[in-house]
Each structure stands twice: as C-alpha cells, then as structure tokens.
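Data block for work-v3.txt (compact mmCIF, N, CA and C atoms):
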# COMPACT_ATOMS: atom_id res chain seq x y z
N MET A 225 17.93 -6.49 7.07
CA MET A 225 19.04 -5.56 6.97
C MET A 225 18.57 -4.17 7.42
N LYS A 226 19.42 -3.48 8.09
CA LYS A 226 19.11 -2.15 8.61
C LYS A 226 19.34 -1.10 7.53
N ILE A 227 18.32 -0.27 7.30
CA ILE A 227 18.40 0.78 6.29
C ILE A 227 18.53 2.16 6.95
N ILE A 228 17.75 2.38 8.01
CA ILE A 228 17.77 3.68 8.71
C ILE A 228 18.96 3.70 9.65
N ASN A 229 19.86 4.65 9.43
CA ASN A 229 21.05 4.72 10.28
C ASN A 229 20.73 5.41 11.61
N ASP A 230 21.61 5.23 12.56
CA ASP A 230 21.40 5.77 13.90
C ASP A 230 21.29 7.29 13.90
N LYS A 231 22.02 7.93 13.01
CA LYS A 231 21.99 9.40 12.92
C LYS A 231 20.59 9.90 12.57
N ASP A 232 19.90 9.22 11.65
CA ASP A 232 18.57 9.65 11.21
C ASP A 232 17.45 9.12 12.11
N LYS A 233 17.72 8.07 12.85
CA LYS A 233 16.70 7.41 13.66
C LYS A 233 16.01 8.38 14.63
N GLY A 234 16.77 9.21 15.32
CA GLY A 234 16.19 10.14 16.29
C GLY A 234 15.25 11.15 15.64
N ALA A 235 15.65 11.69 14.50
CA ALA A 235 14.82 12.66 13.79
C ALA A 235 13.52 12.02 13.30
N ILE A 236 13.62 10.78 12.84
CA ILE A 236 12.43 10.07 12.35
C ILE A 236 11.50 9.76 13.52
N GLU A 237 12.06 9.31 14.63
CA GLU A 237 11.23 9.04 15.82
C GLU A 237 10.51 10.30 16.27
N GLU A 238 11.19 11.44 16.19
CA GLU A 238 10.56 12.71 16.56
C GLU A 238 9.36 13.00 15.66
N ARG A 239 9.52 12.81 14.35
CA ARG A 239 8.40 13.01 13.41
C ARG A 239 7.26 12.05 13.71
N LEU A 240 7.60 10.80 14.04
CA LEU A 240 6.57 9.80 14.28
C LEU A 240 5.78 10.05 15.56
N ARG A 241 6.29 10.90 16.43
CA ARG A 241 5.54 11.26 17.64
C ARG A 241 4.28 12.05 17.26
N GLU A 242 4.24 12.55 16.03
CA GLU A 242 3.06 13.28 15.55
C GLU A 242 1.91 12.34 15.20
N LEU A 243 2.19 11.04 15.13
CA LEU A 243 1.12 10.08 14.85
C LEU A 243 0.11 10.12 15.99
N ASP A 244 -1.15 10.25 15.63
CA ASP A 244 -2.22 10.32 16.62
C ASP A 244 -2.84 8.93 16.82
N LYS A 245 -3.42 8.42 15.76
CA LYS A 245 -4.05 7.10 15.79
C LYS A 245 -3.14 6.10 15.08
N PRO A 246 -3.32 4.82 15.38
CA PRO A 246 -2.50 3.81 14.70
C PRO A 246 -2.73 3.81 13.20
N ILE A 247 -1.70 3.45 12.46
CA ILE A 247 -1.80 3.29 11.01
C ILE A 247 -1.27 1.92 10.63
N ARG A 248 -1.64 1.52 9.43
CA ARG A 248 -1.20 0.25 8.89
C ARG A 248 -0.60 0.52 7.52
N LEU A 249 0.59 -0.02 7.30
CA LEU A 249 1.22 0.06 5.99
C LEU A 249 1.04 -1.29 5.31
N ALA A 250 0.27 -1.32 4.22
CA ALA A 250 0.09 -2.54 3.44
C ALA A 250 1.12 -2.49 2.32
N PHE A 251 2.11 -3.34 2.41
CA PHE A 251 3.22 -3.35 1.46
C PHE A 251 3.07 -4.52 0.51
N PHE A 252 3.13 -4.24 -0.79
CA PHE A 252 3.02 -5.26 -1.83
C PHE A 252 4.38 -5.41 -2.49
N THR A 253 4.85 -6.65 -2.58
CA THR A 253 6.19 -6.94 -3.02
C THR A 253 6.23 -8.31 -3.69
N GLN A 254 7.37 -8.68 -4.21
CA GLN A 254 7.65 -10.04 -4.64
C GLN A 254 9.15 -10.21 -4.67
N GLU A 255 9.58 -11.44 -4.59
CA GLU A 255 11.01 -11.73 -4.49
C GLU A 255 11.75 -11.58 -5.81
N LEU A 256 11.13 -11.96 -6.91
CA LEU A 256 11.81 -11.96 -8.20
C LEU A 256 11.34 -10.81 -9.07
N GLU A 257 12.24 -10.34 -9.92
CA GLU A 257 11.93 -9.34 -10.93
C GLU A 257 11.26 -8.09 -10.36
N CYS A 258 11.81 -7.58 -9.29
CA CYS A 258 11.28 -6.35 -8.69
C CYS A 258 12.45 -5.52 -8.18
N GLN A 259 12.74 -4.49 -8.93
CA GLN A 259 13.81 -3.60 -8.50
C GLN A 259 13.36 -2.83 -7.26
N PHE A 260 14.14 -2.85 -6.24
CA PHE A 260 13.95 -2.12 -4.98
C PHE A 260 12.90 -2.71 -4.04
N CYS A 261 12.29 -3.85 -4.36
CA CYS A 261 11.33 -4.45 -3.43
C CYS A 261 12.00 -4.83 -2.11
N LYS A 262 13.14 -5.49 -2.21
CA LYS A 262 13.83 -5.94 -1.00
C LYS A 262 14.24 -4.76 -0.13
N GLU A 263 14.81 -3.72 -0.75
CA GLU A 263 15.26 -2.55 0.01
C GLU A 263 14.07 -1.79 0.62
N THR A 264 12.98 -1.72 -0.12
CA THR A 264 11.77 -1.06 0.40
C THR A 264 11.24 -1.82 1.60
N HIS A 265 11.26 -3.14 1.53
CA HIS A 265 10.81 -3.98 2.64
C HIS A 265 11.67 -3.71 3.88
N TRP A 266 12.98 -3.70 3.70
CA TRP A 266 13.88 -3.42 4.83
C TRP A 266 13.60 -2.04 5.42
N LEU A 267 13.41 -1.05 4.57
CA LEU A 267 13.13 0.31 5.03
C LEU A 267 11.84 0.36 5.84
N LEU A 268 10.79 -0.30 5.36
CA LEU A 268 9.51 -0.28 6.07
C LEU A 268 9.59 -1.05 7.38
N GLU A 269 10.36 -2.12 7.42
CA GLU A 269 10.55 -2.83 8.70
C GLU A 269 11.24 -1.93 9.71
N ASP A 270 12.28 -1.22 9.27
CA ASP A 270 12.97 -0.28 10.16
C ASP A 270 12.01 0.80 10.65
N LEU A 271 11.25 1.35 9.72
CA LEU A 271 10.31 2.43 10.05
C LEU A 271 9.26 1.95 11.06
N ALA A 272 8.68 0.79 10.82
CA ALA A 272 7.65 0.25 11.72
C ALA A 272 8.21 -0.03 13.11
N SER A 273 9.50 -0.33 13.20
CA SER A 273 10.10 -0.61 14.51
C SER A 273 10.28 0.66 15.35
N LEU A 274 10.12 1.82 14.74
CA LEU A 274 10.35 3.07 15.46
C LEU A 274 9.10 3.62 16.15
N SER A 275 7.93 3.01 15.92
CA SER A 275 6.71 3.48 16.58
C SER A 275 5.73 2.32 16.76
N SER A 276 5.16 2.25 17.94
CA SER A 276 4.16 1.21 18.21
C SER A 276 2.85 1.51 17.49
N LYS A 277 2.72 2.67 16.89
CA LYS A 277 1.49 3.03 16.17
C LYS A 277 1.53 2.61 14.70
N ILE A 278 2.62 1.98 14.28
CA ILE A 278 2.75 1.55 12.89
C ILE A 278 2.74 0.02 12.83
N THR A 279 1.84 -0.51 12.01
CA THR A 279 1.80 -1.94 11.74
C THR A 279 2.15 -2.13 10.27
N LEU A 280 3.01 -3.07 9.99
CA LEU A 280 3.41 -3.38 8.62
C LEU A 280 2.84 -4.73 8.23
N ASP A 281 2.02 -4.73 7.16
CA ASP A 281 1.50 -5.97 6.58
C ASP A 281 2.19 -6.16 5.23
N VAL A 282 2.79 -7.31 5.03
CA VAL A 282 3.51 -7.59 3.79
C VAL A 282 2.70 -8.59 2.97
N HIS A 283 2.45 -8.23 1.71
CA HIS A 283 1.67 -9.06 0.80
C HIS A 283 2.50 -9.37 -0.44
N ASN A 284 2.44 -10.61 -0.86
CA ASN A 284 3.11 -11.01 -2.09
C ASN A 284 2.20 -10.63 -3.26
N PHE A 285 2.71 -9.80 -4.15
CA PHE A 285 1.94 -9.27 -5.26
C PHE A 285 1.37 -10.37 -6.16
N GLN A 286 2.09 -11.45 -6.34
CA GLN A 286 1.62 -12.55 -7.20
C GLN A 286 0.66 -13.48 -6.47
N ILE A 287 0.95 -13.80 -5.23
CA ILE A 287 0.11 -14.74 -4.48
C ILE A 287 -1.16 -14.07 -3.96
N ASP A 288 -1.04 -12.84 -3.47
CA ASP A 288 -2.18 -12.11 -2.89
C ASP A 288 -2.83 -11.20 -3.93
N LYS A 289 -3.13 -11.76 -5.11
CA LYS A 289 -3.67 -10.95 -6.21
C LYS A 289 -4.99 -10.28 -5.85
N GLU A 290 -5.84 -10.99 -5.12
CA GLU A 290 -7.14 -10.42 -4.76
C GLU A 290 -6.96 -9.23 -3.82
N LYS A 291 -6.03 -9.34 -2.89
CA LYS A 291 -5.74 -8.24 -1.96
C LYS A 291 -5.19 -7.05 -2.74
N ALA A 292 -4.27 -7.31 -3.66
CA ALA A 292 -3.71 -6.23 -4.49
C ALA A 292 -4.82 -5.56 -5.29
N ARG A 293 -5.69 -6.37 -5.86
CA ARG A 293 -6.81 -5.82 -6.65
C ARG A 293 -7.74 -4.97 -5.77
N SER A 294 -7.97 -5.42 -4.54
CA SER A 294 -8.86 -4.67 -3.64
C SER A 294 -8.30 -3.29 -3.28
N PHE A 295 -6.97 -3.16 -3.32
CA PHE A 295 -6.32 -1.87 -3.06
C PHE A 295 -5.96 -1.16 -4.36
N GLN A 296 -6.34 -1.74 -5.49
CA GLN A 296 -6.04 -1.20 -6.82
C GLN A 296 -4.53 -1.03 -7.03
N ILE A 297 -3.77 -1.99 -6.52
CA ILE A 297 -2.32 -2.00 -6.68
C ILE A 297 -2.02 -2.73 -7.98
N ASP A 298 -1.32 -2.07 -8.91
CA ASP A 298 -1.03 -2.69 -10.19
C ASP A 298 0.46 -2.72 -10.52
N LYS A 299 1.29 -2.27 -9.59
CA LYS A 299 2.74 -2.32 -9.78
C LYS A 299 3.41 -2.38 -8.41
N ILE A 300 4.67 -2.78 -8.42
CA ILE A 300 5.38 -2.93 -7.14
C ILE A 300 6.78 -2.34 -7.25
N PRO A 301 7.41 -2.04 -6.14
CA PRO A 301 6.88 -2.10 -4.78
C PRO A 301 5.79 -1.04 -4.58
N ALA A 302 4.82 -1.38 -3.75
CA ALA A 302 3.70 -0.48 -3.49
C ALA A 302 3.38 -0.46 -2.00
N ILE A 303 3.03 0.72 -1.52
CA ILE A 303 2.65 0.91 -0.12
C ILE A 303 1.31 1.62 -0.08
N ALA A 304 0.35 1.02 0.62
CA ALA A 304 -0.93 1.68 0.89
C ALA A 304 -0.92 2.08 2.35
N ILE A 305 -1.20 3.36 2.62
CA ILE A 305 -1.25 3.85 4.00
C ILE A 305 -2.70 3.79 4.45
N LEU A 306 -2.95 2.98 5.47
CA LEU A 306 -4.31 2.79 5.97
C LEU A 306 -4.44 3.39 7.36
N GLY A 307 -5.57 3.97 7.63
CA GLY A 307 -5.80 4.61 8.91
C GLY A 307 -6.32 3.67 9.97
N ASP A 308 -6.78 4.26 11.04
CA ASP A 308 -7.32 3.53 12.19
C ASP A 308 -8.42 2.59 11.72
N GLY A 309 -8.35 1.33 12.14
CA GLY A 309 -9.32 0.35 11.70
C GLY A 309 -9.17 -0.02 10.23
N SER A 310 -7.98 0.19 9.68
CA SER A 310 -7.66 -0.09 8.27
C SER A 310 -8.47 0.75 7.30
N LYS A 311 -8.88 1.95 7.74
CA LYS A 311 -9.61 2.87 6.87
C LYS A 311 -8.70 3.28 5.70
N ASP A 312 -9.22 3.12 4.48
CA ASP A 312 -8.43 3.40 3.29
C ASP A 312 -8.73 4.80 2.76
N HIS A 313 -7.72 5.66 2.77
CA HIS A 313 -7.85 7.02 2.26
C HIS A 313 -7.38 7.14 0.81
N GLY A 314 -6.95 6.02 0.24
CA GLY A 314 -6.53 6.00 -1.15
C GLY A 314 -5.11 6.47 -1.39
N ILE A 315 -4.30 6.58 -0.35
CA ILE A 315 -2.92 7.05 -0.50
C ILE A 315 -2.02 5.86 -0.80
N ARG A 316 -1.31 5.96 -1.93
CA ARG A 316 -0.41 4.90 -2.38
C ARG A 316 0.95 5.48 -2.71
N PHE A 317 1.99 4.73 -2.45
CA PHE A 317 3.35 5.06 -2.86
C PHE A 317 3.88 3.90 -3.67
N TYR A 318 4.42 4.21 -4.83
CA TYR A 318 5.03 3.19 -5.69
C TYR A 318 6.52 3.46 -5.79
N GLY A 319 7.30 2.40 -5.77
CA GLY A 319 8.75 2.55 -5.80
C GLY A 319 9.29 2.69 -4.39
N ILE A 320 10.58 2.85 -4.29
CA ILE A 320 11.21 2.99 -2.98
C ILE A 320 11.12 4.44 -2.52
N PRO A 321 10.61 4.68 -1.32
CA PRO A 321 10.52 6.05 -0.81
C PRO A 321 11.85 6.50 -0.22
N SER A 322 12.78 6.84 -1.07
CA SER A 322 14.11 7.26 -0.62
C SER A 322 14.29 8.75 -0.89
N GLY A 323 15.27 9.33 -0.26
CA GLY A 323 15.53 10.76 -0.46
C GLY A 323 14.35 11.60 0.00
N TYR A 324 13.97 12.58 -0.81
CA TYR A 324 12.86 13.45 -0.47
C TYR A 324 11.54 12.69 -0.37
N GLU A 325 11.42 11.60 -1.11
CA GLU A 325 10.19 10.81 -1.07
C GLU A 325 9.96 10.19 0.31
N PHE A 326 11.03 9.98 1.07
CA PHE A 326 10.86 9.43 2.42
C PHE A 326 10.12 10.43 3.31
N ALA A 327 10.48 11.71 3.20
CA ALA A 327 9.78 12.74 3.97
C ALA A 327 8.32 12.81 3.56
N THR A 328 8.05 12.62 2.27
CA THR A 328 6.67 12.62 1.78
C THR A 328 5.90 11.43 2.34
N LEU A 329 6.55 10.27 2.44
CA LEU A 329 5.91 9.11 3.05
C LEU A 329 5.55 9.41 4.50
N LEU A 330 6.47 10.00 5.25
CA LEU A 330 6.19 10.35 6.65
C LEU A 330 5.02 11.33 6.73
N ASP A 331 5.00 12.33 5.85
CA ASP A 331 3.90 13.30 5.83
C ASP A 331 2.56 12.60 5.58
N GLY A 332 2.56 11.65 4.63
CA GLY A 332 1.34 10.90 4.33
C GLY A 332 0.88 10.07 5.52
N MET A 333 1.81 9.45 6.20
CA MET A 333 1.48 8.65 7.37
C MET A 333 0.86 9.52 8.46
N ILE A 334 1.44 10.67 8.69
CA ILE A 334 0.94 11.58 9.72
C ILE A 334 -0.43 12.12 9.33
N ALA A 335 -0.62 12.47 8.06
CA ALA A 335 -1.92 12.97 7.60
C ALA A 335 -3.01 11.92 7.81
N VAL A 336 -2.70 10.66 7.50
CA VAL A 336 -3.68 9.59 7.69
C VAL A 336 -3.95 9.37 9.18
N SER A 337 -2.90 9.37 9.99
CA SER A 337 -3.04 9.12 11.42
C SER A 337 -3.84 10.22 12.13
N THR A 338 -3.61 11.46 11.75
CA THR A 338 -4.30 12.58 12.39
C THR A 338 -5.61 12.92 11.69
N GLU A 339 -5.85 12.28 10.54
CA GLU A 339 -7.02 12.57 9.72
C GLU A 339 -7.11 14.05 9.39
N ASN A 340 -5.93 14.61 9.07
CA ASN A 340 -5.84 16.02 8.72
C ASN A 340 -5.01 16.16 7.45
N SER A 341 -5.68 16.50 6.38
CA SER A 341 -5.01 16.63 5.09
C SER A 341 -4.19 17.90 4.98
N GLY A 342 -4.44 18.85 5.85
CA GLY A 342 -3.76 20.14 5.75
C GLY A 342 -4.49 21.11 4.84
N LEU A 343 -5.57 20.66 4.22
CA LEU A 343 -6.35 21.54 3.35
C LEU A 343 -7.21 22.49 4.18
N SER A 344 -7.39 23.68 3.67
CA SER A 344 -8.22 24.67 4.37
C SER A 344 -9.69 24.25 4.32
N PRO A 345 -10.50 24.74 5.25
CA PRO A 345 -11.94 24.43 5.22
C PRO A 345 -12.59 24.85 3.90
N ALA A 346 -12.15 25.96 3.33
CA ALA A 346 -12.72 26.41 2.06
C ALA A 346 -12.41 25.40 0.94
N THR A 347 -11.19 24.89 0.93
CA THR A 347 -10.81 23.90 -0.09
C THR A 347 -11.59 22.61 0.12
N ARG A 348 -11.76 22.21 1.35
CA ARG A 348 -12.54 20.99 1.64
C ARG A 348 -13.98 21.14 1.15
N ASP A 349 -14.55 22.32 1.39
CA ASP A 349 -15.92 22.57 0.93
C ASP A 349 -16.01 22.51 -0.59
N ARG A 350 -15.02 23.08 -1.29
CA ARG A 350 -15.01 23.04 -2.75
C ARG A 350 -14.89 21.61 -3.26
N LEU A 351 -14.07 20.82 -2.60
CA LEU A 351 -13.88 19.43 -3.03
C LEU A 351 -15.15 18.61 -2.85
N LYS A 352 -15.99 18.94 -1.90
CA LYS A 352 -17.26 18.24 -1.71
C LYS A 352 -18.17 18.41 -2.92
N GLU A 353 -17.92 19.46 -3.71
CA GLU A 353 -18.73 19.73 -4.89
C GLU A 353 -18.36 18.81 -6.06
N VAL A 354 -17.22 18.17 -6.00
CA VAL A 354 -16.79 17.26 -7.07
C VAL A 354 -17.65 16.01 -7.00
N LYS A 355 -18.38 15.74 -8.08
CA LYS A 355 -19.32 14.60 -8.09
C LYS A 355 -18.85 13.44 -8.96
N THR A 356 -17.89 13.68 -9.83
CA THR A 356 -17.40 12.60 -10.69
C THR A 356 -16.13 12.02 -10.09
N PRO A 357 -15.91 10.71 -10.28
CA PRO A 357 -14.69 10.09 -9.76
C PRO A 357 -13.44 10.77 -10.34
N LEU A 358 -12.43 10.88 -9.53
CA LEU A 358 -11.18 11.52 -9.92
C LEU A 358 -10.03 10.61 -9.53
N HIS A 359 -9.15 10.37 -10.49
CA HIS A 359 -7.95 9.56 -10.23
C HIS A 359 -6.76 10.50 -10.34
N LEU A 360 -6.23 10.92 -9.21
CA LEU A 360 -5.13 11.88 -9.16
C LEU A 360 -3.83 11.15 -8.89
N GLN A 361 -2.83 11.39 -9.72
CA GLN A 361 -1.52 10.79 -9.53
C GLN A 361 -0.47 11.90 -9.53
N ILE A 362 0.46 11.79 -8.61
CA ILE A 362 1.59 12.74 -8.55
C ILE A 362 2.85 11.92 -8.74
N PHE A 363 3.64 12.30 -9.73
CA PHE A 363 4.86 11.58 -10.03
C PHE A 363 6.07 12.40 -9.57
N VAL A 364 6.99 11.71 -8.91
CA VAL A 364 8.24 12.35 -8.50
C VAL A 364 9.38 11.46 -8.93
N THR A 365 10.52 12.05 -9.07
CA THR A 365 11.70 11.27 -9.42
C THR A 365 12.89 11.80 -8.63
N PRO A 366 13.70 10.90 -8.08
CA PRO A 366 14.88 11.37 -7.37
C PRO A 366 15.88 11.95 -8.37
N THR A 367 16.33 13.16 -8.08
CA THR A 367 17.32 13.80 -8.97
C THR A 367 18.45 14.38 -8.17

As structure tokens:
Amino acid sequence: MKIINDKDKGAIEERLRELDKPIRLAFFTQELECQFCKETHWLLEDLASLSSKITLDVHNFQIDKEKARSFQIDKIPAIAILGDGSKDHGIRFYGIPSGYEFATLLDGMIAVSTENSGLSPATRDRLKEVKTPLHLQIFVTPT
C-alpha cells in the first residue's frame, strides 16, 4: 500500500539527494500483535523506492531473534539505520516515524550516509573523553 503521497514525494526525493553513501534500513516487525508494524513497513517500502542509495531489509522479530538481539532491538516496530557496508552507528527508531518523526528519520539517514553528525569539532573532542558506556534514549510523541 502506498503511504507517501505524490505531493510529498518530490520534497522527500529532494532531501534524499543529500545521501552520500548507501544506507541500509534494518526493519524489525511481525504480523500479529504489533500496532503500526504494517503501516511502518509500507512507509519504509515507499521511502526505499525513492532512492537507489536506500536498501530495506525486513526481519521478523520473532523468527529472527538472533538478528534482533545483535542490533539490541527489544520492541517493534524498530528501524536500525546502517551505514555503508552495514556499519552500525547505533541509531534506532521505535514506532512509526510519522509526522515530525519522519523528518527526524530522514535527518538520521542523511547523517549516517554522510557520516556527519552535525556536532562541532569541539563537541566531538569532548565526547572522545567519555570512557564509560552510555545508553542515550530520546523519546518523542506525536501531539
């Protein structure tokens, strides 16, 4: 089913021209008992069709448990944005990326593809000083 309408398609294609290197979207889903899995799948299929630099891999959360564990995916729907050569930067999206979250998904894809976080050199240098593991989560809600 088509999720991205023709009106938005051109603007999204324009944003996707910012992709430098290929990226891979690892999508974790299941057919039963998952609110928004089906719609998220349709959205990602539409999105991947708009650029040859996007590959979509679909994994069943129940069947591909080892794959989910390797990406530390513990809920669905889930999207891992992987860089060139499937390099994992640890960026995950849970739930359907609709509304403002869709723009954030595009930003994440571009950041991974260009390998540019947007952080200043000074901030990058400070982050190199962090020696203990850090699990950072940002929660958003459509309102």

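For A:Gly332, the set of protein, DNA and RNA residues having any atom at most 8 Å away, when counting only N, CA and C atoms and skipping those fewer than 6 positions along the same chain, is Ile305, Ile315, Phe326 and Thr338 of chain A.
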
Expected residue set, 6 Å radius at (-2.9, 7.7, 11.3), all atoms listed in the file, as an NGL selection string: :A and (243-247 or 307-308 or 333-339)

DSSP on the backbone: what in stretch 229-356 of chain A comes out alpha helix (DSSP H), as a compact mmCIF listing (two decimals) with N, CA and C atoms, in the frame of the given file?
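File selection-v7.txt, as written:
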# COMPACT_ATOMS: atom_id res chain seq x y z
N ASP A 230 21.61 5.23 12.56
CA ASP A 230 21.40 5.77 13.90
C ASP A 230 21.29 7.29 13.90
N LYS A 231 22.02 7.93 13.01
CA LYS A 231 21.99 9.40 12.92
C LYS A 231 20.59 9.90 12.57
N ASP A 232 19.90 9.22 11.65
CA ASP A 232 18.57 9.65 11.21
C ASP A 232 17.45 9.12 12.11
N LYS A 233 17.72 8.07 12.85
CA LYS A 233 16.70 7.41 13.66
C LYS A 233 16.01 8.38 14.63
N GLY A 234 16.77 9.21 15.32
CA GLY A 234 16.19 10.14 16.29
C GLY A 234 15.25 11.15 15.64
N ALA A 235 15.65 11.69 14.50
CA ALA A 235 14.82 12.66 13.79
C ALA A 235 13.52 12.02 13.30
N ILE A 236 13.62 10.78 12.84
CA ILE A 236 12.43 10.07 12.35
C ILE A 236 11.50 9.76 13.52
N GLU A 237 12.06 9.31 14.63
CA GLU A 237 11.23 9.04 15.82
C GLU A 237 10.51 10.30 16.27
N GLU A 238 11.19 11.44 16.19
CA GLU A 238 10.56 12.71 16.56
C GLU A 238 9.36 13.00 15.66
N ARG A 239 9.52 12.81 14.35
CA ARG A 239 8.40 13.01 13.41
C ARG A 239 7.26 12.05 13.71
N LEU A 240 7.60 10.80 14.04
CA LEU A 240 6.57 9.80 14.28
C LEU A 240 5.78 10.05 15.56
N CYS A 261 12.29 -3.85 -4.36
CA CYS A 261 11.33 -4.45 -3.43
C CYS A 261 12.00 -4.83 -2.11
N LYS A 262 13.14 -5.49 -2.21
CA LYS A 262 13.83 -5.94 -1.00
C LYS A 262 14.24 -4.76 -0.13
N GLU A 263 14.81 -3.72 -0.75
CA GLU A 263 15.26 -2.55 0.01
C GLU A 263 14.07 -1.79 0.62
N THR A 264 12.98 -1.72 -0.12
CA THR A 264 11.77 -1.06 0.40
C THR A 264 11.24 -1.82 1.60
N HIS A 265 11.26 -3.14 1.53
CA HIS A 265 10.81 -3.98 2.64
C HIS A 265 11.67 -3.71 3.88
N TRP A 266 12.98 -3.70 3.70
CA TRP A 266 13.88 -3.42 4.83
C TRP A 266 13.60 -2.04 5.42
N LEU A 267 13.41 -1.05 4.57
CA LEU A 267 13.13 0.31 5.03
C LEU A 267 11.84 0.36 5.84
N LEU A 268 10.79 -0.30 5.36
CA LEU A 268 9.51 -0.28 6.07
C LEU A 268 9.59 -1.05 7.38
N GLU A 269 10.36 -2.12 7.42
CA GLU A 269 10.55 -2.83 8.70
C GLU A 269 11.24 -1.93 9.71
N ASP A 270 12.28 -1.22 9.27
CA ASP A 270 12.97 -0.28 10.16
C ASP A 270 12.01 0.80 10.65
N LEU A 271 11.25 1.35 9.72
CA LEU A 271 10.31 2.43 10.05
C LEU A 271 9.26 1.95 11.06
N ALA A 272 8.68 0.79 10.82
CA ALA A 272 7.65 0.25 11.72
C ALA A 272 8.21 -0.03 13.11
N LYS A 289 -3.13 -11.76 -5.11
CA LYS A 289 -3.67 -10.95 -6.21
C LYS A 289 -4.99 -10.28 -5.85
N GLU A 290 -5.84 -10.99 -5.12
CA GLU A 290 -7.14 -10.42 -4.76
C GLU A 290 -6.96 -9.23 -3.82
N LYS A 291 -6.03 -9.34 -2.89
CA LYS A 291 -5.74 -8.24 -1.96
C LYS A 291 -5.19 -7.05 -2.74
N ALA A 292 -4.27 -7.31 -3.66
CA ALA A 292 -3.71 -6.23 -4.49
C ALA A 292 -4.82 -5.56 -5.29
N ARG A 293 -5.69 -6.37 -5.86
CA ARG A 293 -6.81 -5.82 -6.65
C ARG A 293 -7.74 -4.97 -5.77
N SER A 294 -7.97 -5.42 -4.54
CA SER A 294 -8.86 -4.67 -3.64
C SER A 294 -8.30 -3.29 -3.28
N TYR A 324 13.97 12.58 -0.81
CA TYR A 324 12.86 13.45 -0.47
C TYR A 324 11.54 12.69 -0.37
N GLU A 325 11.42 11.60 -1.11
CA GLU A 325 10.19 10.81 -1.07
C GLU A 325 9.96 10.19 0.31
N PHE A 326 11.03 9.98 1.07
CA PHE A 326 10.86 9.43 2.42
C PHE A 326 10.12 10.43 3.31
N ALA A 327 10.48 11.71 3.20
CA ALA A 327 9.78 12.74 3.97
C ALA A 327 8.32 12.81 3.56
N THR A 328 8.05 12.62 2.27
CA THR A 328 6.67 12.62 1.78
C THR A 328 5.90 11.43 2.34
N LEU A 329 6.55 10.27 2.44
CA LEU A 329 5.91 9.11 3.05
C LEU A 329 5.55 9.41 4.50
N LEU A 330 6.47 10.00 5.25
CA LEU A 330 6.19 10.35 6.65
C LEU A 330 5.02 11.33 6.73
N ASP A 331 5.00 12.33 5.85
CA ASP A 331 3.90 13.30 5.83
C ASP A 331 2.56 12.60 5.58
N GLY A 332 2.56 11.65 4.63
CA GLY A 332 1.34 10.90 4.33
C GLY A 332 0.88 10.07 5.52
N MET A 333 1.81 9.45 6.20
CA MET A 333 1.48 8.65 7.37
C MET A 333 0.86 9.52 8.46
N ILE A 334 1.44 10.67 8.69
CA ILE A 334 0.94 11.58 9.72
C ILE A 334 -0.43 12.12 9.33
N ALA A 335 -0.62 12.47 8.06
CA ALA A 335 -1.92 12.97 7.60
C ALA A 335 -3.01 11.92 7.81
N VAL A 336 -2.70 10.66 7.50
CA VAL A 336 -3.68 9.59 7.69
C VAL A 336 -3.95 9.37 9.18
N SER A 337 -2.90 9.37 9.99
CA SER A 337 -3.04 9.12 11.42
C SER A 337 -3.84 10.22 12.13
N THR A 338 -3.61 11.46 11.75
CA THR A 338 -4.30 12.58 12.39
C THR A 338 -5.61 12.92 11.69
N PRO A 345 -10.50 24.74 5.25
CA PRO A 345 -11.94 24.43 5.22
C PRO A 345 -12.59 24.85 3.90
N ALA A 346 -12.15 25.96 3.33
CA ALA A 346 -12.72 26.41 2.06
C ALA A 346 -12.41 25.40 0.94
N THR A 347 -11.19 24.89 0.93
CA THR A 347 -10.81 23.90 -0.09
C THR A 347 -11.59 22.61 0.12
N ARG A 348 -11.76 22.21 1.35
CA ARG A 348 -12.54 20.99 1.64
C ARG A 348 -13.98 21.14 1.15
N ASP A 349 -14.55 22.32 1.39
CA ASP A 349 -15.92 22.57 0.93
C ASP A 349 -16.01 22.51 -0.59
N ARG A 350 -15.02 23.08 -1.29
CA ARG A 350 -15.01 23.04 -2.75
C ARG A 350 -14.89 21.61 -3.26
N LEU A 351 -14.07 20.82 -2.60
CA LEU A 351 -13.88 19.43 -3.03
C LEU A 351 -15.15 18.61 -2.85
N LYS A 352 -15.99 18.94 -1.90
CA LYS A 352 -17.26 18.24 -1.71
C LYS A 352 -18.17 18.41 -2.92

Distance query stretch 249-266 of chain A at most 6 Å, all atoms listed in the file, self and fewer than 3 positions along chain excluded, as JSON, numbers by chain: {"A": [225, 227, 269, 270, 271, 278, 279, 280, 281, 282, 283, 284, 285, 286, 300, 301, 302, 303, 304, 305, 306, 320]}

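Among the candidates A:Gly342, A:Lys299, A:Arg239, A:Asn229, the one nearest to A:Gly319 when counting all atoms listed in the file is A:Lys299.
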
Report as a PDB file with N, CA and C atoms, keeping the file's coordinate frame all protein, DNA and RNA residues lying within 12 Å of A:Glu238, evaluated on only C-alpha atoms, omitting residues in the same chain fewer than 6 positions from it.
ATOM      1  N   ASP A 232      19.900   9.220  11.650  1.00  0.00           N
ATOM      2  CA  ASP A 232      18.570   9.650  11.210  1.00  0.00           C
ATOM      3  C   ASP A 232      17.450   9.120  12.110  1.00  0.00           C
ATOM      4  N   LEU A 274      10.120   1.820  14.740  1.00  0.00           N
ATOM      5  CA  LEU A 274      10.350   3.070  15.460  1.00  0.00           C
ATOM      6  C   LEU A 274       9.100   3.620  16.150  1.00  0.00           C
ATOM      7  N   SER A 275       7.930   3.010  15.920  1.00  0.00           N
ATOM      8  CA  SER A 275       6.710   3.480  16.580  1.00  0.00           C
ATOM      9  C   SER A 275       5.730   2.320  16.760  1.00  0.00           C
ATOM     10  N   LEU A 330       6.470  10.000   5.250  1.00  0.00           N
ATOM     11  CA  LEU A 330       6.190  10.350   6.650  1.00  0.00           C
ATOM     12  C   LEU A 330       5.020  11.330   6.730  1.00  0.00           C
ATOM     13  N   ILE A 334       1.440  10.670   8.690  1.00  0.00           N
ATOM     14  CA  ILE A 334       0.940  11.580   9.720  1.00  0.00           C
ATOM     15  C   ILE A 334      -0.430  12.120   9.330  1.00  0.00           C
TER      16      ILE A 334
END

Please return the centre and edge lengths, in Å to one decimal, of a box with edges along x, y and z that contains all listed atoms of stretch 229-247 of chain A, widened by 4 Å on every side, as lines of an AutoDock Vina configuration file.
center_x = 9.0
center_y = 7.6
center_z = 13.5
size_x = 34.1
size_y = 19.4
size_z = 16.2

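With atom CA of A:Asp288 on one side and atom C of A:Gly309 on the other, the separation reads 19.2 Å.
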
Residues flagged strand (DSSP E) by DSSP in chain A, as a ChimeraX atom specification: /A:247-253,278-284,302-306,312-318

Interatomic distance, atom CA of A:Ser341 to atom CA of A:Lys289 (Å, one decimal):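 For atom CA of A:Ser341 relative to atom CA of A:Lys289, the distance reads 29.8 Å.
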
Point-to-point distance from atom N of A:Phe317 to atom C of A:Glu290, Å rounded to tenths: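 Between atom N of A:Phe317 and atom C of A:Glu290 the gap works out to 16.6 Å.
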